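To be precise, the following lines are final25.cif, and they hold mmCIF, C-alpha atoms.
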data_structure
#
loop_
_atom_site.group_PDB
_atom_site.id
_atom_site.type_symbol
_atom_site.label_atom_id
_atom_site.label_comp_id
_atom_site.auth_asym_id
_atom_site.auth_seq_id
_atom_site.Cartn_x
_atom_site.Cartn_y
_atom_site.Cartn_z
ATOM 1 C CA ARG A 1 33.371 -3.272 -20.902
ATOM 2 C CA SER A 2 30.523 -5.325 -19.494
ATOM 3 C CA LYS A 3 26.742 -5.299 -19.266
ATOM 4 C CA ALA A 4 25.202 -4.048 -16.052
ATOM 5 C CA GLY A 5 22.495 -6.309 -14.706
ATOM 6 C CA SER A 6 22.511 -6.464 -10.944
ATOM 7 C CA ASP A 7 20.767 -3.116 -10.515
ATOM 8 C CA GLY A 8 18.146 -3.640 -13.216
ATOM 9 C CA LEU A 9 19.812 -1.421 -15.842
ATOM 10 C CA GLU A 10 20.237 -4.253 -18.322
ATOM 11 C CA ASN A 11 20.378 -1.961 -21.369
ATOM 12 C CA LEU A 12 23.282 0.120 -20.118
ATOM 13 C CA GLU A 13 26.967 -0.579 -20.338
ATOM 14 C CA THR A 14 29.586 0.071 -17.738
ATOM 15 C CA ILE A 15 33.059 1.105 -18.801
ATOM 16 C CA THR A 16 35.987 0.623 -16.473
ATOM 17 C CA VAL A 17 38.210 3.699 -16.488
ATOM 18 C CA PRO A 18 41.923 2.885 -16.181
ATOM 19 C CA ASP A 19 43.843 4.234 -13.231
ATOM 20 C CA GLY A 20 44.629 7.891 -13.860
ATOM 21 C CA GLY A 21 41.774 8.292 -16.351
ATOM 22 C CA VAL A 22 39.261 11.097 -16.169
ATOM 23 C CA VAL A 23 35.491 11.076 -16.733
ATOM 24 C CA MET A 24 33.899 14.436 -17.452
ATOM 25 C CA PRO A 25 30.744 15.820 -19.118
ATOM 26 C CA SER A 26 30.857 16.682 -22.786
ATOM 27 C CA PHE A 27 30.155 20.193 -24.053
ATOM 28 C CA HIS A 28 27.508 21.816 -26.244
ATOM 29 C CA ASP A 29 28.684 24.833 -28.255
ATOM 30 C CA SER A 30 25.638 27.102 -28.381
ATOM 31 C CA HIS A 31 26.949 29.530 -31.030
ATOM 32 C CA ILE A 32 29.402 28.460 -33.689
ATOM 33 C CA HIS A 33 29.859 28.803 -37.447
ATOM 34 C CA ALA A 34 31.336 25.392 -38.080
ATOM 35 C CA ALA A 35 31.278 25.380 -41.880
ATOM 36 C CA ALA A 36 32.628 28.929 -42.271
ATOM 37 C CA GLY A 37 35.078 28.642 -39.395
ATOM 38 C CA GLY A 38 36.453 25.396 -40.726
ATOM 39 C CA LEU A 39 37.081 26.989 -44.106
ATOM 40 C CA GLN A 40 39.033 29.750 -42.404
ATOM 41 C CA VAL A 41 41.270 27.156 -40.765
ATOM 42 C CA ILE A 42 42.308 25.725 -44.136
ATOM 43 C CA GLN A 43 42.561 29.125 -45.857
ATOM 44 C CA CYS A 44 44.596 32.195 -44.854
ATOM 45 C CA ASN A 45 44.215 31.727 -41.114
ATOM 46 C CA LEU A 46 45.213 34.748 -39.011
ATOM 47 C CA ARG A 47 43.862 33.530 -35.680
ATOM 48 C CA SER A 48 47.300 32.719 -34.316
ATOM 49 C CA CYS A 49 48.571 36.227 -35.097
ATOM 50 C CA SER A 50 48.818 38.744 -32.266
ATOM 51 C CA THR A 51 49.851 41.870 -34.193
ATOM 52 C CA LEU A 52 49.163 43.501 -37.537
ATOM 53 C CA GLN A 53 52.732 42.855 -38.659
ATOM 54 C CA GLU A 54 52.390 39.149 -37.927
ATOM 55 C CA ALA A 55 49.146 39.085 -39.918
ATOM 56 C CA LEU A 56 50.674 40.901 -42.897
ATOM 57 C CA THR A 57 53.607 38.471 -42.881
ATOM 58 C CA ALA A 58 51.188 35.520 -42.862
ATOM 59 C CA ILE A 59 49.126 37.022 -45.699
ATOM 60 C CA ALA A 60 52.256 37.621 -47.795
ATOM 61 C CA ALA A 61 53.381 34.025 -47.262
ATOM 62 C CA TYR A 62 49.947 32.668 -48.173
ATOM 63 C CA ALA A 63 49.873 34.791 -51.348
ATOM 64 C CA ASP A 64 53.345 33.508 -52.309
ATOM 65 C CA VAL A 65 52.111 29.922 -52.046
ATOM 66 C CA MET A 66 49.120 30.735 -54.244
ATOM 67 C CA ARG A 67 51.324 32.370 -56.893
ATOM 68 C CA ALA A 68 53.481 29.279 -57.047
ATOM 69 C CA SER A 69 50.612 26.793 -57.157
ATOM 70 C CA ARG A 70 48.185 28.453 -59.579
ATOM 71 C CA PRO A 71 48.468 28.768 -63.380
ATOM 72 C CA HIS A 72 49.098 32.303 -64.596
ATOM 73 C CA GLU A 73 45.727 32.484 -66.336
ATOM 74 C CA VAL A 74 43.890 31.836 -63.054
ATOM 75 C CA VAL A 75 43.308 34.813 -60.775
ATOM 76 C CA PRO A 76 42.801 33.336 -57.302
ATOM 77 C CA TRP A 77 41.465 35.125 -54.260
ATOM 78 C CA VAL A 78 43.319 35.289 -50.974
ATOM 79 C CA VAL A 79 40.532 34.302 -48.589
ATOM 80 C CA GLY A 80 40.586 33.711 -44.852
ATOM 81 C CA GLY A 81 40.441 35.777 -41.712
ATOM 82 C CA GLY A 82 40.922 36.083 -37.992
ATOM 83 C CA TRP A 83 42.168 39.679 -37.720
ATOM 84 C CA GLN A 84 41.481 41.857 -34.700
ATOM 85 C CA PRO A 85 40.071 45.429 -34.968
ATOM 86 C CA GLU A 86 42.483 46.685 -32.299
ATOM 87 C CA TRP A 87 45.365 46.181 -34.700
ATOM 88 C CA PHE A 88 44.216 49.179 -36.730
ATOM 89 C CA GLU A 89 43.771 52.884 -36.136
ATOM 90 C CA ARG A 90 40.118 53.425 -35.158
ATOM 91 C CA GLY A 91 39.624 49.699 -35.726
ATOM 92 C CA GLN A 92 39.544 50.200 -39.498
ATOM 93 C CA PRO A 93 41.688 48.050 -41.819
ATOM 94 C CA THR A 94 42.476 49.615 -45.183
ATOM 95 C CA ALA A 95 43.205 48.441 -48.712
ATOM 96 C CA PRO A 96 46.707 50.003 -48.909
ATOM 97 C CA LEU A 97 47.866 47.832 -46.006
ATOM 98 C CA LEU A 98 46.872 44.708 -47.937
ATOM 99 C CA ASP A 99 48.159 46.109 -51.238
ATOM 100 C CA ALA A 100 51.648 46.201 -49.729
ATOM 101 C CA VAL A 101 51.720 42.409 -49.291
ATOM 102 C CA CYS A 102 49.141 41.266 -51.846
ATOM 103 C CA PRO A 103 48.882 43.706 -54.762
ATOM 104 C CA ASP A 104 48.054 41.257 -57.549
ATOM 105 C CA PHE A 105 45.317 39.001 -56.104
ATOM 106 C CA PRO A 106 41.916 40.103 -54.772
ATOM 107 C CA ALA A 107 41.763 39.509 -51.029
ATOM 108 C CA TYR A 108 38.855 38.960 -48.642
ATOM 109 C CA LEU A 109 39.674 38.491 -44.974
ATOM 110 C CA ARG A 110 37.049 38.330 -42.233
ATOM 111 C CA ASP A 111 37.607 39.649 -38.730
ATOM 112 C CA MET A 112 37.799 37.338 -35.711
ATOM 113 C CA ASN A 113 34.052 37.557 -35.064
ATOM 114 C CA GLY A 114 32.918 37.304 -38.688
ATOM 115 C CA HIS A 115 31.081 40.646 -38.830
ATOM 116 C CA GLU A 116 33.578 42.651 -40.884
ATOM 117 C CA GLY A 117 35.583 42.226 -44.068
ATOM 118 C CA TRP A 118 38.982 43.554 -45.159
ATOM 119 C CA THR A 119 39.876 43.768 -48.836
ATOM 120 C CA ASN A 120 42.550 45.267 -51.044
ATOM 121 C CA THR A 121 42.352 47.447 -54.155
ATOM 122 C CA ALA A 122 42.114 44.384 -56.396
ATOM 123 C CA GLY A 123 39.204 43.125 -54.302
ATOM 124 C CA LEU A 124 37.350 46.432 -54.522
ATOM 125 C CA GLN A 125 37.841 46.421 -58.285
ATOM 126 C CA ALA A 126 36.742 42.781 -58.675
ATOM 127 C CA ALA A 127 33.534 43.528 -56.756
ATOM 128 C CA ASN A 128 33.094 46.860 -58.556
ATOM 129 C CA ILE A 129 32.881 48.727 -55.239
ATOM 130 C CA THR A 130 33.366 52.434 -55.906
ATOM 131 C CA ALA A 131 32.359 55.758 -54.422
ATOM 132 C CA ALA A 132 29.094 55.419 -56.354
ATOM 133 C CA THR A 133 28.251 52.008 -54.841
ATOM 134 C CA PRO A 134 25.375 52.393 -52.359
ATOM 135 C CA ASP A 135 25.434 50.696 -48.990
ATOM 136 C CA PRO A 136 23.441 47.458 -49.260
ATOM 137 C CA PRO A 137 20.526 46.752 -46.912
ATOM 138 C CA ALA A 138 21.862 45.917 -43.440
ATOM 139 C CA GLY A 139 25.431 46.626 -44.560
ATOM 140 C CA TYR A 140 27.925 49.463 -44.635
ATOM 141 C CA ILE A 141 30.899 50.335 -46.847
ATOM 142 C CA VAL A 142 33.426 52.317 -44.803
ATOM 143 C CA ARG A 143 34.592 55.371 -46.774
ATOM 144 C CA ASP A 144 37.158 58.127 -46.394
ATOM 145 C CA ASP A 145 36.320 61.815 -46.173
ATOM 146 C CA GLY A 146 36.115 61.973 -49.966
ATOM 147 C CA GLY A 147 33.583 59.135 -50.165
ATOM 148 C CA GLN A 148 36.013 56.530 -51.502
ATOM 149 C CA PRO A 149 35.816 52.975 -50.092
ATOM 150 C CA VAL A 150 38.798 52.308 -47.827
ATOM 151 C CA GLY A 151 38.703 48.491 -48.024
ATOM 152 C CA HIS A 152 36.658 47.885 -44.874
ATOM 153 C CA LEU A 153 33.160 46.398 -45.121
ATOM 154 C CA LEU A 154 30.632 45.852 -42.341
ATOM 155 C CA MET A 155 27.920 43.239 -41.994
ATOM 156 C CA ALA A 156 25.938 42.483 -45.185
ATOM 157 C CA ALA A 157 28.274 44.657 -47.282
ATOM 158 C CA CYS A 158 30.662 41.706 -47.166
ATOM 159 C CA ARG A 159 28.307 39.934 -49.554
ATOM 160 C CA LEU A 160 29.449 42.298 -52.302
ATOM 161 C CA LEU A 161 32.844 40.626 -52.142
ATOM 162 C CA VAL A 162 31.471 37.104 -51.776
ATOM 163 C CA ALA A 163 29.330 37.604 -54.891
ATOM 164 C CA ALA A 164 32.446 38.498 -56.900
ATOM 165 C CA MET A 165 34.441 35.469 -55.785
ATOM 166 C CA PRO A 166 34.536 32.222 -57.757
ATOM 167 C CA PRO A 167 32.353 29.648 -55.981
ATOM 168 C CA LEU A 168 34.062 27.089 -53.796
ATOM 169 C CA ASN A 169 33.697 23.524 -54.941
ATOM 170 C CA PRO A 170 31.890 21.056 -52.648
ATOM 171 C CA ALA A 171 35.100 19.177 -51.880
ATOM 172 C CA LYS A 172 36.713 22.305 -50.432
ATOM 173 C CA ARG A 173 33.642 23.045 -48.312
ATOM 174 C CA ASP A 174 33.612 19.458 -47.077
ATOM 175 C CA GLN A 175 37.280 19.801 -46.163
ATOM 176 C CA GLY A 176 36.503 22.923 -44.147
ATOM 177 C CA LEU A 177 33.648 21.317 -42.219
ATOM 178 C CA GLN A 178 35.766 18.253 -41.529
ATOM 179 C CA ALA A 179 38.455 20.497 -40.017
ATOM 180 C CA ALA A 180 35.886 22.178 -37.756
ATOM 181 C CA LEU A 181 34.378 18.878 -36.621
ATOM 182 C CA HIS A 182 37.834 17.537 -35.826
ATOM 183 C CA GLU A 183 38.475 20.539 -33.565
ATOM 184 C CA ALA A 184 35.096 20.121 -31.890
ATOM 185 C CA VAL A 185 35.622 16.470 -31.029
ATOM 186 C CA LYS A 186 39.186 17.126 -29.909
ATOM 187 C CA HIS A 187 37.897 19.606 -27.326
ATOM 188 C CA GLY A 188 35.099 17.403 -25.989
ATOM 189 C CA ILE A 189 32.208 19.016 -27.902
ATOM 190 C CA THR A 190 29.509 16.491 -28.732
ATOM 191 C CA SER A 191 26.806 18.858 -29.998
ATOM 192 C CA LEU A 192 26.853 22.296 -31.567
ATOM 193 C CA HIS A 193 24.509 25.013 -32.808
ATOM 194 C CA ASP A 194 25.575 26.470 -36.167
ATOM 195 C CA ALA A 195 24.228 30.000 -35.931
ATOM 196 C CA LEU A 196 23.740 30.711 -39.647
ATOM 197 C CA VAL A 197 22.860 27.992 -42.138
ATOM 198 C CA ASN A 198 22.184 29.207 -45.663
ATOM 199 C CA ASP A 199 21.513 26.938 -48.630
ATOM 200 C CA VAL A 200 25.191 26.189 -49.241
ATOM 201 C CA VAL A 201 25.938 25.326 -45.620
ATOM 202 C CA TYR A 202 22.713 23.308 -45.398
ATOM 203 C CA ASP A 203 23.842 21.149 -48.329
ATOM 204 C CA VAL A 204 27.225 20.518 -46.692
ATOM 205 C CA PHE A 205 25.652 19.376 -43.429
ATOM 206 C CA CYS A 206 23.163 17.168 -45.269
ATOM 207 C CA ARG A 207 25.966 15.519 -47.259
ATOM 208 C CA PHE A 208 27.839 14.744 -44.058
ATOM 209 C CA ASP A 209 24.732 13.458 -42.308
ATOM 210 C CA ALA A 210 23.744 11.207 -45.205
ATOM 211 C CA ALA A 211 27.267 9.763 -45.301
ATOM 212 C CA GLN A 212 27.279 9.322 -41.492
ATOM 213 C CA ARG A 213 30.237 11.693 -41.203
ATOM 214 C CA LEU A 214 28.845 13.846 -38.382
ATOM 215 C CA PRO A 215 30.504 12.829 -35.093
ATOM 216 C CA VAL A 216 28.465 15.416 -33.165
ATOM 217 C CA MET A 217 24.809 16.432 -33.038
ATOM 218 C CA VAL A 218 24.338 19.555 -35.191
ATOM 219 C CA HIS A 219 21.544 22.043 -34.534
ATOM 220 C CA MET A 220 21.094 24.354 -37.534
ATOM 221 C CA ALA A 221 19.763 27.914 -37.335
ATOM 222 C CA LEU A 222 18.275 28.305 -40.809
ATOM 223 C CA GLU A 223 18.692 31.649 -42.563
ATOM 224 C CA TRP A 224 15.716 34.017 -42.719
ATOM 225 C CA ARG A 225 15.856 35.787 -46.087
ATOM 226 C CA ALA A 226 15.420 39.530 -45.848
ATOM 227 C CA ASP A 227 14.254 39.763 -49.472
ATOM 228 C CA TRP A 228 11.372 37.312 -48.907
ATOM 229 C CA THR A 229 8.057 38.006 -47.246
ATOM 230 C CA ALA A 230 7.338 36.541 -43.829
ATOM 231 C CA GLU A 231 4.890 34.079 -45.401
ATOM 232 C CA GLU A 232 7.466 32.921 -47.949
ATOM 233 C CA ASN A 233 10.089 32.452 -45.263
ATOM 234 C CA ILE A 234 7.822 30.541 -42.911
ATOM 235 C CA SER A 235 6.608 28.235 -45.683
ATOM 236 C CA PHE A 236 10.130 27.451 -46.869
ATOM 237 C CA LEU A 237 11.687 27.097 -43.414
ATOM 238 C CA SER A 238 8.866 24.931 -42.100
ATOM 239 C CA ALA A 239 9.254 22.590 -45.074
ATOM 240 C CA ARG A 240 12.999 22.423 -44.549
ATOM 241 C CA ARG A 241 12.494 21.679 -40.855
ATOM 242 C CA GLU A 242 10.185 18.783 -41.726
ATOM 243 C CA GLU A 243 12.674 17.504 -44.267
ATOM 244 C CA VAL A 244 15.369 17.344 -41.594
ATOM 245 C CA ARG A 245 12.998 15.744 -39.100
ATOM 246 C CA SER A 246 12.148 13.004 -41.568
ATOM 247 C CA ARG A 247 15.636 12.036 -42.641
ATOM 248 C CA GLY A 248 18.166 13.683 -40.354
ATOM 249 C CA LYS A 249 20.261 11.382 -38.195
ATOM 250 C CA MET A 250 22.595 13.791 -36.419
ATOM 251 C CA LEU A 251 20.912 16.964 -37.717
ATOM 252 C CA LYS A 252 18.202 19.203 -36.301
ATOM 253 C CA ALA A 253 16.660 22.359 -37.801
ATOM 254 C CA GLU A 254 14.470 23.854 -35.099
ATOM 255 C CA THR A 255 15.720 27.473 -35.055
ATOM 256 C CA VAL A 256 15.949 30.373 -37.492
ATOM 257 C CA LYS A 257 18.573 33.121 -37.803
ATOM 258 C CA ILE A 258 17.103 36.586 -38.379
ATOM 259 C CA PHE A 259 19.304 39.612 -38.966
ATOM 260 C CA VAL A 260 17.812 42.674 -37.283
ATOM 261 C CA ASP A 261 20.782 44.972 -36.756
ATOM 262 C CA GLY A 262 24.533 44.800 -36.272
ATOM 263 C CA ILE A 263 26.798 44.612 -33.234
ATOM 264 C CA PRO A 264 28.055 47.212 -30.746
ATOM 265 C CA ASP A 265 31.714 46.441 -31.527
ATOM 266 C CA ASN A 266 31.617 48.117 -34.943
ATOM 267 C CA LYS A 267 28.751 50.465 -34.041
ATOM 268 C CA THR A 268 26.204 48.890 -36.361
ATOM 269 C CA GLY A 269 23.969 47.673 -33.531
ATOM 270 C CA TYR A 270 20.919 49.836 -32.853
ATOM 271 C CA MET A 271 21.070 51.657 -29.516
ATOM 272 C CA LEU A 272 18.802 54.022 -27.624
ATOM 273 C CA ALA A 273 21.577 56.646 -27.477
ATOM 274 C CA PRO A 274 24.255 57.607 -30.030
ATOM 275 C CA TYR A 275 27.679 55.995 -29.928
ATOM 276 C CA LYS A 276 30.476 58.140 -28.534
ATOM 277 C CA GLU A 277 32.249 57.913 -31.876
ATOM 278 C CA VAL A 278 29.649 58.297 -34.590
ATOM 279 C CA CYS A 279 29.653 55.586 -37.254
ATOM 280 C CA GLU A 280 26.640 55.496 -39.501
ATOM 281 C CA ALA A 281 24.628 52.294 -39.360
ATOM 282 C CA PRO A 282 22.054 50.962 -41.821
ATOM 283 C CA PRO A 283 18.685 52.661 -41.335
ATOM 284 C CA PRO A 284 16.091 50.709 -39.308
ATOM 285 C CA GLU A 285 13.922 50.207 -42.385
ATOM 286 C CA ALA A 286 16.736 48.130 -43.889
ATOM 287 C CA SER A 287 16.291 45.436 -41.249
ATOM 288 C CA SER A 288 14.234 42.299 -41.723
ATOM 289 C CA GLY A 289 10.958 43.720 -40.346
ATOM 290 C CA VAL A 290 10.024 40.325 -39.005
ATOM 291 C CA THR A 291 6.797 39.346 -37.307
ATOM 292 C CA THR A 292 7.368 36.110 -35.435
ATOM 293 C CA ARG A 293 4.962 33.206 -35.566
ATOM 294 C CA ASN A 294 4.443 30.384 -33.098
ATOM 295 C CA ASP A 295 5.166 27.633 -35.614
ATOM 296 C CA VAL A 296 8.765 28.722 -36.218
ATOM 297 C CA HIS A 297 11.139 29.450 -33.335
ATOM 298 C CA ALA A 298 12.996 32.584 -34.463
ATOM 299 C CA PRO A 299 15.494 34.130 -32.054
ATOM 300 C CA SER A 300 16.614 37.595 -33.117
ATOM 301 C CA ALA A 301 20.231 37.962 -34.108
ATOM 302 C CA ALA A 302 22.902 40.574 -34.530
ATOM 303 C CA SER A 303 25.626 38.897 -36.506
ATOM 304 C CA GLY A 304 27.576 38.973 -39.687
ATOM 305 C CA GLU A 305 27.391 36.840 -42.784
ATOM 306 C CA ASP A 306 28.993 33.484 -43.540
ATOM 307 C CA GLU A 307 30.577 32.746 -46.812
#
Could you quickly redo this structure as structure tokens?
Amino acid sequence: RSKAGSDGLENLETITVPDGGVVMPSFHDSHIHAAAGGLQVIQCNLRSCSTLQEALTAIAAYADVMRASRPHEVVPWVVGGGWQPEWFERGQPTAPLLDAVCPDFPAYLRDMNGHEGWTNTAGLQAANITAATPDPPAGYIVRDDGGQPVGHLLMAACRLLVAAMPPLNPAKRDQGLQAALHEAVKHGITSLHDALVNDVVYDVFCRFDAAQRLPVMVHMALEWRADWTAEENISFLSARREEVRSRGKMLKAETVKIFVDGIPDNKTGYMLAPYKEVCEAPPPEASSGVTTRNDVHAPSAASGEDE
């Protein structure tokens, strides 16, 4: 490694690549959920499964480990994800399938894309999700012909399960983000855009940045809160953006994530014509009703929720 000087570029370094070495551009991941995805890697990870049977076997094994490692008075949750809708009839996972391999612990497993949740009977009971439970704004509880929840939740309905779960401690969240960052660096990613940063995820990124533990540049899309007014959101998000600008080293907060509708895959995205197979979606008035302003860059979004 030596300083370049003969061509006037005194402040640059040249690096001699050994014979057989390769020099290539790095990558920017424009849509990732690093904190949530990293947690999934260290939890019940189904991403390597290719069939429903493989996934059920993995879930059963994960539950066995939890039974052996937790005191009897503690009721843990089996949490993770990575399942594929095509494994199930009509793309709908059901509680009885999970009950067969995990009857005693509540379970919450996200699909591969993070827009849907799969739970068992214990999970429905822990979250008090019954036939009388209304669909939340921008969410949908899949039900059978009798109106009973089947164990399949779409979009913001997944928050009903998250609210019933014991909170993860900061160390576990840090472990998840570290796993995601390791994967990013390993694959040549030097900057990424986390597409949904709520308060919990924001704190994790700030901890890493303050401790100089971010090996990549992180662009955060801050969460727009549907239960706040536009003025409240803009005031809060603008202040948070300035906070990151003033102290962030490898962090940026220049975008906002706004949930408007769902996605075409599970028929929760708004379309001009009906879907071929009808699946009720949240009514338009349940969306964020956002009016954009020039001082906050706010791309619309059609995504699920992060834990």
Protein, DNA and RNA residues within 10 Å of (29.6, 59.6, -53.6), all atoms listed in the file, as number ranges by chain: A: 130-134, 143, 146-149
Might you pull out every residue within 6 Å of A:Leu154, with only C-alpha atoms counted and same-chain residues fewer than 2 positions away left off, and present them as number ranges by chain? A: 116, 139-140, 157
Test item: residues at most 8 Å from stretch 98-103 of chain A, all atoms listed in the file, excluding those fewer than 2 positions along its chain, as a list in words: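 Close residues of stretch 98-103 of chain A: Leu56, Thr57, Ile59, Ala60, Ala63, Thr94, Ala95, Pro96, Phe105, Pro106, Ala107, Thr119, Asn120, Thr121 and Ala122 of chain A.
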Could you write out as a PyMOL selection string the residues that the PyMOL selection byres ((chain A and resi 170-185) around 10) matches in the shown file? chain A and resi 26-29+32-43+167-169+186-192+200-201+203-205+207-208+213-216
List as JSON lines every residue of stretch 68-170 of chain A that is in contact with stretch 266-273 of chain A, defined as an atom at most 12 Å from one of its atoms (using only C-alpha atoms), together with the nearest atom pair and the distance in Å rounded to one decimal, sorted by chain and then rising number.
{"residue": "A:Gln84", "atom": "CA", "partner": "A:Asn266", "partner_atom": "CA", "distance": 11.7}
{"residue": "A:Pro85", "atom": "CA", "partner": "A:Asn266", "partner_atom": "CA", "distance": 8.9}
{"residue": "A:Glu86", "atom": "CA", "partner": "A:Asn266", "partner_atom": "CA", "distance": 11.3}
{"residue": "A:Arg90", "atom": "CA", "partner": "A:Asn266", "partner_atom": "CA", "distance": 10.0}
{"residue": "A:Gly91", "atom": "CA", "partner": "A:Asn266", "partner_atom": "CA", "distance": 8.2}
{"residue": "A:Gln92", "atom": "CA", "partner": "A:Asn266", "partner_atom": "CA", "distance": 9.4}
{"residue": "A:Asp111", "atom": "CA", "partner": "A:Asn266", "partner_atom": "CA", "distance": 11.0}
{"residue": "A:Asn113", "atom": "CA", "partner": "A:Asn266", "partner_atom": "CA", "distance": 10.8}
{"residue": "A:Gly114", "atom": "CA", "partner": "A:Asn266", "partner_atom": "CA", "distance": 11.5}
{"residue": "A:His115", "atom": "CA", "partner": "A:Asn266", "partner_atom": "CA", "distance": 8.4}
{"residue": "A:Glu116", "atom": "CA", "partner": "A:Asn266", "partner_atom": "CA", "distance": 8.3}
{"residue": "A:Gly117", "atom": "CA", "partner": "A:Asn266", "partner_atom": "CA", "distance": 11.6}
{"residue": "A:Ala138", "atom": "CA", "partner": "A:Thr268", "partner_atom": "CA", "distance": 8.8}
{"residue": "A:Gly139", "atom": "CA", "partner": "A:Thr268", "partner_atom": "CA", "distance": 8.5}
{"residue": "A:Tyr140", "atom": "CA", "partner": "A:Thr268", "partner_atom": "CA", "distance": 8.5}
{"residue": "A:Ile141", "atom": "CA", "partner": "A:Thr268", "partner_atom": "CA", "distance": 11.6}
{"residue": "A:Val142", "atom": "CA", "partner": "A:Asn266", "partner_atom": "CA", "distance": 10.9}
{"residue": "A:His152", "atom": "CA", "partner": "A:Asn266", "partner_atom": "CA", "distance": 11.1}
{"residue": "A:Leu153", "atom": "CA", "partner": "A:Asn266", "partner_atom": "CA", "distance": 10.4}
{"residue": "A:Leu154", "atom": "CA", "partner": "A:Asn266", "partner_atom": "CA", "distance": 7.8}
{"residue": "A:Met155", "atom": "CA", "partner": "A:Thr268", "partner_atom": "CA", "distance": 8.2}
{"residue": "A:Ala156", "atom": "CA", "partner": "A:Thr268", "partner_atom": "CA", "distance": 10.9}
{"residue": "A:Ala157", "atom": "CA", "partner": "A:Thr268", "partner_atom": "CA", "distance": 11.9}
Write out as a ChimeraX atom specification which residues come within 10 Å of A:Trp83 when counting all atoms listed in the file, dropping same-chain ones fewer than 6 positions away. /A:45-52,55,93,109-114,116-118
